[in-house]
Structure formats: structure tokens, C-alpha cells
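query24.pdb follows (PDB, C-alpha atoms and all ligand atoms):
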```pdb
ATOM      1  CA  MET A   3      81.084 -80.366 -11.421
ATOM      2  CA  VAL A   4      78.032 -80.031  -9.213
ATOM      3  CA  SER A   5      75.566 -82.924  -9.340
ATOM      4  CA  PRO A   6      71.867 -82.104  -9.623
ATOM      5  CA  PRO A   7      69.941 -82.538  -6.365
ATOM      6  CA  GLU A   8      68.738 -86.052  -5.597
ATOM      7  CA  LYS A   9      65.036 -86.482  -6.229
ATOM      8  CA  LYS A  10      62.936 -89.014  -4.352
ATOM      9  CA  ARG A  11      61.585 -91.464  -6.912
ATOM     10  CA  CYS A  12      58.054 -91.872  -5.751
ATOM     11  CA  ASP A  13      56.670 -91.676  -2.282
ATOM     12  CA  THR A  14      54.483 -94.719  -2.732
ATOM     13  CA  ASP A  15      57.636 -96.867  -2.762
ATOM     14  CA  GLU A  16      57.823 -96.212   0.942
ATOM     15  CA  SER A  17      54.537 -98.032   1.375
ATOM     16  CA  LYS A  18      56.370-101.176   0.255
ATOM     17  CA  ALA A  19      58.258-101.038   3.525
ATOM     18  CA  PHE A  20      58.099-104.345   5.321
ATOM     19  CA  LEU A  21      55.659-104.188   8.174
ATOM     20  CA  SER A  22      56.871-107.571   9.391
ATOM     21  CA  ALA A  23      60.479-106.352   9.609
ATOM     22  CA  LYS A  24      61.986-106.132  13.076
ATOM     23  CA  THR A  25      64.534-103.531  11.971
ATOM     24  CA  ILE A  26      65.773-103.637   8.381
ATOM     25  CA  GLY A  27      63.208-102.433   5.847
ATOM     26  CA  LYS A  28      60.707-100.718   8.120
ATOM     27  CA  THR A  29      61.403 -97.532   6.165
ATOM     28  CA  ILE A  30      62.484 -97.602   2.523
ATOM     29  CA  LEU A  31      63.485 -94.462   0.652
ATOM     30  CA  SER A  32      63.678 -94.875  -3.091
ATOM     31  CA  TYR A  33      65.562 -92.624  -5.503
ATOM     32  CA  ASP A  34      66.120 -92.553  -9.226
ATOM     33  CA  VAL A  35      69.682 -91.317  -9.730
ATOM     34  CA  VAL A  36      71.988 -90.465  -6.841
ATOM     35  CA  ASP A  37      75.710 -89.990  -6.342
ATOM     36  CA  SER A  38      75.885 -92.808  -3.794
ATOM     37  CA  THR A  39      73.227 -94.416  -1.597
ATOM     38  CA  ASN A  40      75.874 -94.708   1.152
ATOM     39  CA  ALA A  41      76.356 -90.919   1.085
ATOM     40  CA  ILE A  42      72.590 -90.318   1.379
ATOM     41  CA  ALA A  43      72.284 -92.872   4.186
ATOM     42  CA  ARG A  44      75.196 -91.203   6.028
ATOM     43  CA  LYS A  45      73.504 -87.814   5.789
ATOM     44  CA  LEU A  46      70.191 -89.254   6.999
ATOM     45  CA  ALA A  47      71.910 -91.030   9.891
ATOM     46  CA  ASP A  48      73.628 -87.758  10.894
ATOM     47  CA  GLU A  49      70.175 -86.175  10.924
ATOM     48  CA  GLY A  50      68.903 -88.909  13.244
ATOM     49  CA  ALA A  51      67.177 -91.354  10.862
ATOM     50  CA  GLU A  52      66.003 -94.511  12.569
ATOM     51  CA  GLU A  53      67.891 -97.782  12.506
ATOM     52  CA  GLY A  54      66.921-100.069   9.635
ATOM     53  CA  THR A  55      66.175 -97.267   7.151
ATOM     54  CA  VAL A  56      66.958 -98.456   3.619
ATOM     55  CA  VAL A  57      68.084 -96.115   0.835
ATOM     56  CA  LEU A  58      67.610 -97.483  -2.675
ATOM     57  CA  ALA A  59      68.579 -96.068  -6.072
ATOM     58  CA  VAL A  60      68.038 -97.087  -9.671
ATOM     59  CA  ARG A  61      71.454 -95.752 -10.647
ATOM     60  CA  GLN A  62      74.470 -94.205  -8.906
ATOM     61  CA  ARG A  63      76.678 -91.588 -10.502
ATOM     62  CA  THR A  64      79.631 -92.056  -8.188
ATOM     63  CA  GLY A  65      79.049 -95.354  -6.379
ATOM     64  CA  ARG A  66      81.936 -96.221  -4.061
ATOM     65  CA  GLY A  67      83.524 -99.583  -3.428
ATOM     66  CA  ARG A  68      85.981-100.748  -0.806
ATOM     67  CA  LEU A  69      89.403 -99.096  -0.669
ATOM     68  CA  ASN A  70      87.793 -96.017  -2.238
ATOM     69  CA  ARG A  71      87.435 -97.721  -5.608
ATOM     70  CA  GLU A  72      84.805 -96.716  -8.105
ATOM     71  CA  TRP A  73      81.680 -98.922  -8.112
ATOM     72  CA  HIS A  74      79.928 -98.964 -11.477
ATOM     73  CA  SER A  75      76.202 -98.789 -10.870
ATOM     74  CA  PRO A  76      74.169 -98.819 -14.093
ATOM     75  CA  LYS A  77      70.390 -99.184 -14.215
ATOM     76  CA  GLY A  78      69.416-102.804 -13.565
ATOM     77  CA  GLY A  79      71.503-103.288 -10.421
ATOM     78  CA  LEU A  80      70.256-103.454  -6.855
ATOM     79  CA  TRP A  81      72.061-100.559  -5.178
ATOM     80  CA  LEU A  82      71.116 -99.969  -1.572
ATOM     81  CA  SER A  83      72.349 -98.843   1.825
ATOM     82  CA  VAL A  84      71.014 -99.628   5.283
ATOM     83  CA  ILE A  85      71.440 -97.526   8.433
ATOM     84  CA  LEU A  86      72.361 -99.732  11.405
ATOM     85  CA  LYS A  87      73.053 -98.866  15.030
ATOM     86  CA  PRO A  88      74.299-102.092  16.606
ATOM     87  CA  GLU A  89      75.364-102.121  20.208
ATOM     88  CA  MET A  90      78.826-103.505  19.625
ATOM     89  CA  LYS A  91      82.431-102.397  19.727
ATOM     90  CA  PRO A  92      83.881-100.833  16.560
ATOM     91  CA  SER A  93      86.300-103.797  16.369
ATOM     92  CA  GLU A  94      83.298-106.132  15.968
ATOM     93  CA  ALA A  95      81.819-104.236  13.005
ATOM     94  CA  VAL A  96      83.308-106.684  10.499
ATOM     95  CA  MET A  97      80.726-109.202  11.792
ATOM     96  CA  VAL A  98      77.985-107.037  10.270
ATOM     97  CA  THR A  99      79.725-107.284   6.891
ATOM     98  CA  LEU A 100      80.025-111.049   7.214
ATOM     99  CA  MET A 101      76.342-111.400   8.167
ATOM    100  CA  ALA A 102      75.375-109.292   5.114
ATOM    101  CA  GLY A 103      77.353-111.619   2.822
ATOM    102  CA  ILE A 104      75.452-114.561   4.290
ATOM    103  CA  ALA A 105      72.093-112.806   3.770
ATOM    104  CA  VAL A 106      72.975-112.218   0.097
ATOM    105  CA  ALA A 107      74.073-115.855  -0.334
ATOM    106  CA  LYS A 108      70.806-117.076   1.235
ATOM    107  CA  THR A 109      68.768-114.764  -0.982
ATOM    108  CA  LEU A 110      70.488-116.021  -4.123
ATOM    109  CA  ALA A 111      70.053-119.625  -2.973
ATOM    110  CA  THR A 112      66.271-119.114  -3.258
ATOM    111  CA  TYR A 113      66.928-118.700  -7.010
ATOM    112  CA  ASN A 114      68.932-121.950  -6.977
ATOM    113  CA  LEU A 115      72.166-120.042  -7.333
ATOM    114  CA  ASN A 116      75.265-121.417  -5.673
ATOM    115  CA  THR A 117      77.433-118.713  -4.206
ATOM    116  CA  SER A 118      80.645-118.471  -2.254
ATOM    117  CA  ILE A 119      82.254-115.601  -0.389
ATOM    118  CA  LYS A 120      85.724-114.146  -0.884
ATOM    119  CA  TRP A 121      86.980-112.557   2.340
ATOM    120  CA  PRO A 122      85.822-110.207   3.574
ATOM    121  CA  ASN A 123      82.706-109.565   1.557
ATOM    122  CA  ASP A 124      82.636-110.358  -2.153
ATOM    123  CA  VAL A 125      79.809-112.706  -3.058
ATOM    124  CA  LEU A 126      80.833-114.860  -6.008
ATOM    125  CA  ILE A 127      79.099-117.116  -8.510
ATOM    126  CA  ARG A 128      81.512-119.544 -10.161
ATOM    127  CA  GLY A 129      84.386-117.358  -8.954
ATOM    128  CA  LYS A 130      82.995-114.116 -10.425
ATOM    129  CA  LYS A 131      81.775-111.200  -8.331
ATOM    130  CA  VAL A 132      78.002-110.724  -8.255
ATOM    131  CA  CYS A 133      77.804-108.571  -5.127
ATOM    132  CA  GLY A 134      80.045-106.194  -3.210
ATOM    133  CA  ILE A 135      79.510-104.917   0.313
ATOM    134  CA  LEU A 136      80.854-101.685   1.762
ATOM    135  CA  THR A 137      80.403-101.066   5.487
ATOM    136  CA  GLU A 138      81.193 -97.576   6.731
ATOM    137  CA  MET A 139      81.262 -96.660  10.388
ATOM    138  CA  ARG A 140      80.817 -93.515  12.440
ATOM    139  CA  GLY A 141      81.754 -93.932  16.057
ATOM    140  CA  GLU A 142      84.064 -93.363  18.943
ATOM    141  CA  GLU A 143      86.824 -95.552  20.308
ATOM    142  CA  SER A 144      84.496 -97.869  22.179
ATOM    143  CA  LYS A 145      81.108 -97.217  20.617
ATOM    144  CA  ILE A 146      79.509 -97.389  17.172
ATOM    145  CA  ASN A 147      77.218 -94.412  16.535
ATOM    146  CA  TYR A 148      76.025 -95.918  13.290
ATOM    147  CA  LEU A 149      77.055 -98.187  10.449
ATOM    148  CA  ILE A 150      76.117 -97.763   6.828
ATOM    149  CA  LEU A 151      75.849-101.143   5.162
ATOM    150  CA  GLY A 152      76.054-100.645   1.394
ATOM    151  CA  LEU A 153      75.243-103.513  -0.933
ATOM    152  CA  GLY A 154      75.568-103.654  -4.684
ATOM    153  CA  ILE A 155      74.171-106.638  -6.585
ATOM    154  CA  ASN A 156      74.635-107.007 -10.344
ATOM    155  CA  VAL A 157      71.171-108.055 -11.485
ATOM    156  CA  ASN A 158      69.502-107.129 -14.791
ATOM    157  CA  PHE A 159      72.212-105.615 -16.962
ATOM    158  CA  ASP A 160      74.778-106.796 -19.479
ATOM    159  CA  LEU A 161      78.391-107.257 -18.519
ATOM    160  CA  GLU A 162      79.325-104.970 -21.418
ATOM    161  CA  GLU A 163      78.001-102.074 -19.324
ATOM    162  CA  LEU A 164      80.942-102.534 -16.978
ATOM    163  CA  PRO A 165      84.366-101.274 -18.028
ATOM    164  CA  GLU A 166      87.395-103.490 -18.455
ATOM    165  CA  PRO A 167      88.965-104.966 -16.342
ATOM    166  CA  VAL A 168      86.031-105.055 -13.865
ATOM    167  CA  ARG A 169      83.921-106.840 -16.488
ATOM    168  CA  ASP A 170      86.192-109.887 -16.596
ATOM    169  CA  LEU A 171      85.935-110.417 -12.860
ATOM    170  CA  ALA A 172      82.180-109.797 -12.553
ATOM    171  CA  ILE A 173      78.953-111.579 -13.314
ATOM    172  CA  THR A 174      75.340-110.382 -13.464
ATOM    173  CA  LEU A 175      72.295-112.455 -12.535
ATOM    174  CA  ARG A 176      70.895-111.835 -16.034
ATOM    175  CA  HIS A 177      74.026-113.414 -17.468
ATOM    176  CA  GLU A 178      73.932-116.356 -15.062
ATOM    177  CA  ILE A 179      70.263-117.350 -15.332
ATOM    178  CA  GLU A 180      69.654-116.020 -18.818
ATOM    179  CA  LYS A 181      66.597-114.011 -17.853
ATOM    180  CA  ASP A 182      65.737-110.907 -15.875
ATOM    181  CA  LEU A 183      64.737-111.132 -12.241
ATOM    182  CA  ASP A 184      61.817-109.302 -10.637
ATOM    183  CA  MET A 185      63.678-106.597  -8.699
ATOM    184  CA  GLN A 186      60.894-106.044  -6.177
ATOM    185  CA  GLU A 187      60.845-109.751  -5.333
ATOM    186  CA  LEU A 188      64.629-109.872  -5.041
ATOM    187  CA  LEU A 189      64.637-106.788  -2.802
ATOM    188  CA  SER A 190      61.907-108.211  -0.605
ATOM    189  CA  CYS A 191      63.768-111.498  -0.171
ATOM    190  CA  LEU A 192      67.076-109.727   0.531
ATOM    191  CA  LEU A 193      65.620-107.378   3.155
ATOM    192  CA  LYS A 194      63.912-110.270   4.921
ATOM    193  CA  GLU A 195      67.172-112.267   5.019
ATOM    194  CA  LEU A 196      69.129-109.224   6.215
ATOM    195  CA  ASP A 197      66.561-108.556   8.932
ATOM    196  CA  LYS A 198      66.716-112.209  10.085
ATOM    197  CA  CYS A 199      70.521-112.425  10.065
ATOM    198  CA  TYR A 200      70.844-109.064  11.856
ATOM    199  CA  GLU A 201      68.507-110.238  14.624
ATOM    200  CA  LEU A 202      70.639-113.371  14.968
ATOM    201  CA  LEU A 203      73.800-111.287  15.271
ATOM    202  CA  LYS A 204      72.229-108.955  17.835
ATOM    203  CA  SER A 205      71.030-111.916  19.896
ATOM    204  CA  GLY A 206      74.693-112.841  20.432
ATOM    205  CA  SER A 207      74.842-115.724  17.922
ATOM    206  CA  SER A 208      78.087-114.586  16.284
ATOM    207  CA  ASN A 209      79.269-118.195  16.330
ATOM    208  CA  THR A 210      76.419-119.254  14.066
ATOM    209  CA  ILE A 211      77.242-116.343  11.735
ATOM    210  CA  LEU A 212      80.936-117.260  11.698
ATOM    211  CA  ASN A 213      80.297-120.954  11.059
ATOM    212  CA  THR A 214      77.871-120.220   8.223
ATOM    213  CA  TRP A 215      80.389-117.771   6.759
ATOM    214  CA  LYS A 216      83.153-120.403   6.953
ATOM    215  CA  ASP A 217      80.936-122.902   5.099
ATOM    216  CA  LEU A 218      80.431-120.362   2.307
ATOM    217  CA  SER A 219      84.041-119.174   2.234
ATOM    218  CA  GLU A 220      86.002-119.419  -0.995
ATOM    219  CA  THR A 221      89.059-117.996   0.750
ATOM    220  CA  LEU A 222      89.823-120.429   3.577
ATOM    221  CA  GLY A 223      92.324-123.085   2.571
ATOM    222  CA  ARG A 224      93.669-121.029  -0.307
ATOM    223  CA  ASN A 225      96.994-119.380  -0.944
ATOM    224  CA  VAL A 226      96.200-115.702  -0.815
ATOM    225  CA  LYS A 227      97.901-112.349  -1.138
ATOM    226  CA  ILE A 228      96.567-109.734   1.288
ATOM    227  CA  THR A 229      97.451-106.122   0.563
ATOM    228  CA  THR A 230      96.911-103.370   3.107
ATOM    229  CA  GLN A 231      98.170 -99.782   3.176
ATOM    230  CA  LYS A 232     101.131-101.028   5.223
ATOM    231  CA  GLU A 233     102.115-104.352   3.689
ATOM    232  CA  SER A 234     101.516-107.162   1.254
ATOM    233  CA  ILE A 235     101.581-110.691   2.673
ATOM    234  CA  GLU A 236     101.299-114.055   0.919
ATOM    235  CA  GLY A 237     100.325-117.243   2.693
ATOM    236  CA  ILE A 238      97.597-119.756   3.414
ATOM    237  CA  ALA A 239      94.265-118.421   4.677
ATOM    238  CA  LEU A 240      93.803-120.640   7.716
ATOM    239  CA  ASP A 241      90.681-119.332   9.446
ATOM    240  CA  VAL A 242      88.744-116.298  10.637
ATOM    241  CA  ASP A 243      88.862-115.442  14.331
ATOM    242  CA  GLU A 244      85.965-114.564  16.640
ATOM    243  CA  ILE A 245      85.664-111.025  15.243
ATOM    244  CA  GLY A 246      85.972-112.027  11.585
ATOM    245  CA  ALA A 247      89.675-111.202  11.146
ATOM    246  CA  LEU A 248      91.417-113.374   8.527
ATOM    247  CA  ILE A 249      94.293-115.500   9.844
ATOM    248  CA  VAL A 250      97.060-116.046   7.301
ATOM    249  CA  LYS A 251     100.170-118.223   7.716
ATOM    250  CA  THR A 252     103.190-117.334   5.561
ATOM    251  CA  LYS A 253     105.541-120.000   4.211
ATOM    252  CA  GLU A 254     108.023-118.991   6.920
ATOM    253  CA  GLY A 255     105.365-119.991   9.452
ATOM    254  CA  ARG A 256     104.478-116.461  10.604
ATOM    255  CA  ILE A 257     100.848-115.826  11.553
ATOM    256  CA  HIS A 258      99.187-112.570  10.469
ATOM    257  CA  LYS A 259      95.677-111.316  11.245
ATOM    258  CA  PHE A 260      93.816-108.908   8.990
ATOM    259  CA  VAL A 261      90.661-106.967   9.798
ATOM    260  CA  ALA A 262      90.764-105.188   6.428
ATOM    261  CA  GLY A 263      92.653-105.379   3.152
ATOM    262  CA  ASP A 264      92.515-106.472  -0.443
ATOM    263  CA  CYS A 265      92.448-110.239  -0.834
ATOM    264  CA  MET A 266      93.698-111.980  -3.960
ATOM    265  CA  HIS A 267      93.205-115.711  -4.347
ATOM    266  CA  ILE A 268      96.319-117.351  -5.740
ATOM    267  CA  THR A 269      95.810-121.117  -5.698
ATOM    268  CA  ARG A 270      93.995-123.636  -3.610
ATOM    269  CA  ALA A 271      96.461-124.948  -0.988
ATOM    270  CA  VAL A 272      96.960-128.747  -1.062
TER     271      VAL A 272
HETATM  272  C1  LIG A 301      83.071-103.459  -2.984
HETATM  273  O1  LIG A 301      83.030-104.654  -3.260
HETATM  274  O2  LIG A 301      84.074-102.802  -3.252
HETATM  275  C2  LIG A 301      81.896-102.824  -2.296
HETATM  276  C3  LIG A 301      80.884-102.283  -3.268
HETATM  277  C4  LIG A 301      79.683-101.658  -2.586
HETATM  278  C5  LIG A 301      78.748-100.996  -3.581
HETATM  279  C6  LIG A 301      77.479-100.517  -2.944
HETATM  280  S1  LIG A 301      76.258-100.075  -4.128
HETATM  281  C7  LIG A 301      75.283 -99.335  -2.901
HETATM  282  C8  LIG A 301      76.221 -98.640  -1.941
HETATM  283  N1  LIG A 301      76.510 -97.289  -2.371
HETATM  284  C9  LIG A 301      77.788 -97.128  -2.708
HETATM  285  O3  LIG A 301      78.291 -96.067  -3.137
HETATM  286  N2  LIG A 301      78.455 -98.275  -2.530
HETATM  287  C10 LIG A 301      77.605 -99.313  -2.012
END
```
Whole structure, C-alpha cells version:
Amino acid sequence: MVSPPEKKRCDTDESKAFLSAKTIGKTILSYDVVDSTNAIARKLADEGAEEGTVVLAVRQRTGRGRLNREWHSPKGGLWLSVILKPEMKPSEAVMVTLMAGIAVAKTLATYNLNTSIKWPNDVLIRGKKVCGILTEMRGEESKINYLILGLGINVNFDLEELPEPVRDLAITLRHEIEKDLDMQELLSCLLKELDKCYELLKSGSSNTILNTWKDLSETLGRNVKITTQKESIEGIALDVDEIGALIVKTKEGRIHKFVAGDCMHITRAV
């Protein structure tokens, strides 16, 4: 089936771009219904769009999650992608994902919401997923050409709009605070936090990013099961290393490092 062409929502939305932004949010492109904001951002980046361009949509037909999963994106969510061109090695790209998780946590803290982060990038409220982050990279062996940072936040919709079993593991902000949030205000706060955290990362403060991430982590200290295409390993999540890889110790005492994978929390280690 061929999807209808994506139509820009209204040009005036671009005037809401943040003049104070150093990078993220200087240009904002707003759409009504798209297949995936990440796909549009990728196309724009291939055509030379500037770093910091934000692609927003009211709804996505075929939103993508990590590990090529479907990402349900009804109206009422904040679905956006940012084009980034950091001067770092491809192996360091996971740091951008971690910094985005922190920016989301800081944004939600302004609404008095307590969040935690499940490695690598699920933002949780009381253990339920409120935000997912998908970072896609185009680059060479030693150089990132661009990154697409895709963020999906469940805001003003009912959990019933999500299919089982996703529904049981998710939460929306409407559900948590029992009222709807002003999307424009939430977007503005998020883009400002992302811009700030990205500047911090670019200035070489990865240690600050890592330490903040560790403070927010729901994963460290837990028994976890990490599944990759190659293997499935159970053990205690001990730490993240300097590039954000998760360090897991099995009960036999073997140490494994993961830069990607599916993480399941089993129990809190004693
Ligand atoms: C995950 O947790 O699996 C990541 C979900 C990322 C979803 C966002 S919504 C905006 C952007 N466009 C997409 O197709 N995916 C990301």
C-alpha cells in the first residue's frame, strides 16, 4: 500500500523555532500525519538539512521503535526527530541517546514527575514506559555523518489507544497527572533541555552526562536479562562504561559489555 504524501502542517509552526537555541530547535518542521518522523529527518539530512532541525508530527502511521519494533503513535503523543551531526566516533553515539534520556527526565521533572531510565533509553514513571528513544546513525567507520534522534513521549491520550501487551507496560502523562498537558509548552521545555544537554556533551562533559544518567538509572544494581541478536545473558547490571556500554556480571563471574540489546529487569539484586 502506498501512503499519501506527507503534508506540512502549517508553515507558521516554523516561526515557533527557538531563536535562543544553540543547535536543537532552530528550525522546526511540523507535519500532521507521517509514516515516521525519523524517516523524514533521514531524508532531510541526506539532502543536507542543517544540524538541529526538528521534525514533528501529530500522528505516525508506521512509527518505528528499537529493534525494528512497531511504535504506536496516536494523536496526543509528542513524536519528533532531531538531526544531529556530532563530531564523535560512531562508537560514542550511545552517549547521545543517554543525554536525550536525561533531557526528557529533566523536562518531566519540571512537572513534578519522578522518572527513572531503563538502559539504554526507556524513560519510566513508576516502572512504566512514558518515553522511548531511537537513535539512528549514518556514517563511516570512524566518522558520524549524521544521527537521527527520535523521541516518542506518551502525553495526552488514553492507554486504551495502545494495543496489548504494550498497554500494560506503558503510561501516558494524561494518565499519570489526570489532566492534559499543553503540548507547545512541553515541546518548548524539551527542546531547551535537549539543546542544553547536547551543548554539554559537545563540550566534552561526558562524565557529567554519565553520572547524571547513573543517578537516574533503574537498571544498575538489578538482575537483568540482555538479549542481542547473538546471545541472551542474565546477570547483575554493574555499571556503564565511559561510552555508555552496560557492564553485566553473570553468576559464574563472567563480565559482559553491551552497546545495544533488549534489557529486561528481573529483580533488584541484594
Ligand atoms: C523505543 O523505545 O523502541 C524507541 C521508540 C522511538 C519512537 C520515536 S517517535 C518519533 C520517532 N519516529 C519514529 O518512527 N520513532 C521515533
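Taking atom CA of Thr117 of chain A as the reference point, atom CA of Gly206 of chain A is found at 25.5 Å.
Of the listed residues A:Lys87, A:His74, A:Lys130, A:Lys45, the one whose atoms come nearest to ligand LIG 301 (chain A) is A:His74, with distances taken using only C-alpha atoms and all ligand atoms.
Across the model, the gap from atom CA of Trp81 of chain A to atom CA of Val35 of chain A is 10.6 Å.
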TODO: Do a neighbour search on Ser22 of chain A at 12 Å with only C-alpha atoms, toss out local chain neighbours closer than 6 positions, and write the hits as a PyMOL selection string.
DONE: chain A and resi 28-29+190+193-194+197-198
Task: Selected residue, from A:Glu163, A:Glu94, A:Asp124, A:Glu142, that lies nearest to Asp243 of chain A when counting all atoms listed in the file - done: A:Glu94
List the residues matched by the PyMOL selection byres (((not hetatm)) within 9 of (chain A and resi 301)) in the displayed structure as a compact mmCIF listing (two decimals) with C-alpha atoms, in the coordinates of the input, ordered by chain and then by residue number.
```
# COMPACT_ATOMS: atom_id res chain seq x y z
CA ASP A 37 75.71 -89.99 -6.34
CA SER A 38 75.89 -92.81 -3.79
CA THR A 39 73.23 -94.42 -1.60
CA ASN A 40 75.87 -94.71 1.15
CA ALA A 41 76.36 -90.92 1.08
CA ILE A 42 72.59 -90.32 1.38
CA ALA A 43 72.28 -92.87 4.19
CA VAL A 57 68.08 -96.12 0.84
CA LEU A 58 67.61 -97.48 -2.68
CA ALA A 59 68.58 -96.07 -6.07
CA GLN A 62 74.47 -94.20 -8.91
CA ARG A 63 76.68 -91.59 -10.50
CA THR A 64 79.63 -92.06 -8.19
CA GLY A 65 79.05 -95.35 -6.38
CA ARG A 66 81.94 -96.22 -4.06
CA GLY A 67 83.52 -99.58 -3.43
CA ARG A 68 85.98 -100.75 -0.81
CA LEU A 69 89.40 -99.10 -0.67
CA ASN A 70 87.79 -96.02 -2.24
CA ARG A 71 87.44 -97.72 -5.61
CA GLU A 72 84.80 -96.72 -8.10
CA TRP A 73 81.68 -98.92 -8.11
CA HIS A 74 79.93 -98.96 -11.48
CA SER A 75 76.20 -98.79 -10.87
CA GLY A 79 71.50 -103.29 -10.42
CA LEU A 80 70.26 -103.45 -6.86
CA TRP A 81 72.06 -100.56 -5.18
CA LEU A 82 71.12 -99.97 -1.57
CA SER A 83 72.35 -98.84 1.82
CA VAL A 84 71.01 -99.63 5.28
CA ASN A 123 82.71 -109.56 1.56
CA ASP A 124 82.64 -110.36 -2.15
CA VAL A 125 79.81 -112.71 -3.06
CA LYS A 131 81.78 -111.20 -8.33
CA CYS A 133 77.80 -108.57 -5.13
CA GLY A 134 80.04 -106.19 -3.21
CA ILE A 135 79.51 -104.92 0.31
CA LEU A 136 80.85 -101.68 1.76
CA THR A 137 80.40 -101.07 5.49
CA ILE A 150 76.12 -97.76 6.83
CA LEU A 151 75.85 -101.14 5.16
CA GLY A 152 76.05 -100.64 1.39
CA LEU A 153 75.24 -103.51 -0.93
CA GLY A 154 75.57 -103.65 -4.68
CA ILE A 155 74.17 -106.64 -6.58
```
TODO: For segment 245-252 of chain A, please output as JSON, numbers by chain all residues within 10 Å (counting only C-alpha atoms; exclusion window: fewer than 5 positions along the same chain).
DONE: {"A": [93, 94, 95, 96, 97, 98, 99, 100, 121, 122, 208, 209, 211, 212, 215, 216, 221, 222, 223, 224, 225, 226, 227, 228, 235, 236, 237, 238, 239, 240, 257, 258, 259, 260, 261, 262, 263, 265]}
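Take atom CA of Lys108 of chain A and atom CA of Tyr148 of chain A: the distance between them is 24.9 Å.
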- [ ] Mind listing whatever residues come within 9 Å of the point (83.2, -116.0, -7.9)? Use all atoms listed in the file, file coordinates, and give them as a VMD selection string.
- [x] chain A and resid 117 to 120 124 to 132 171 to 173 220
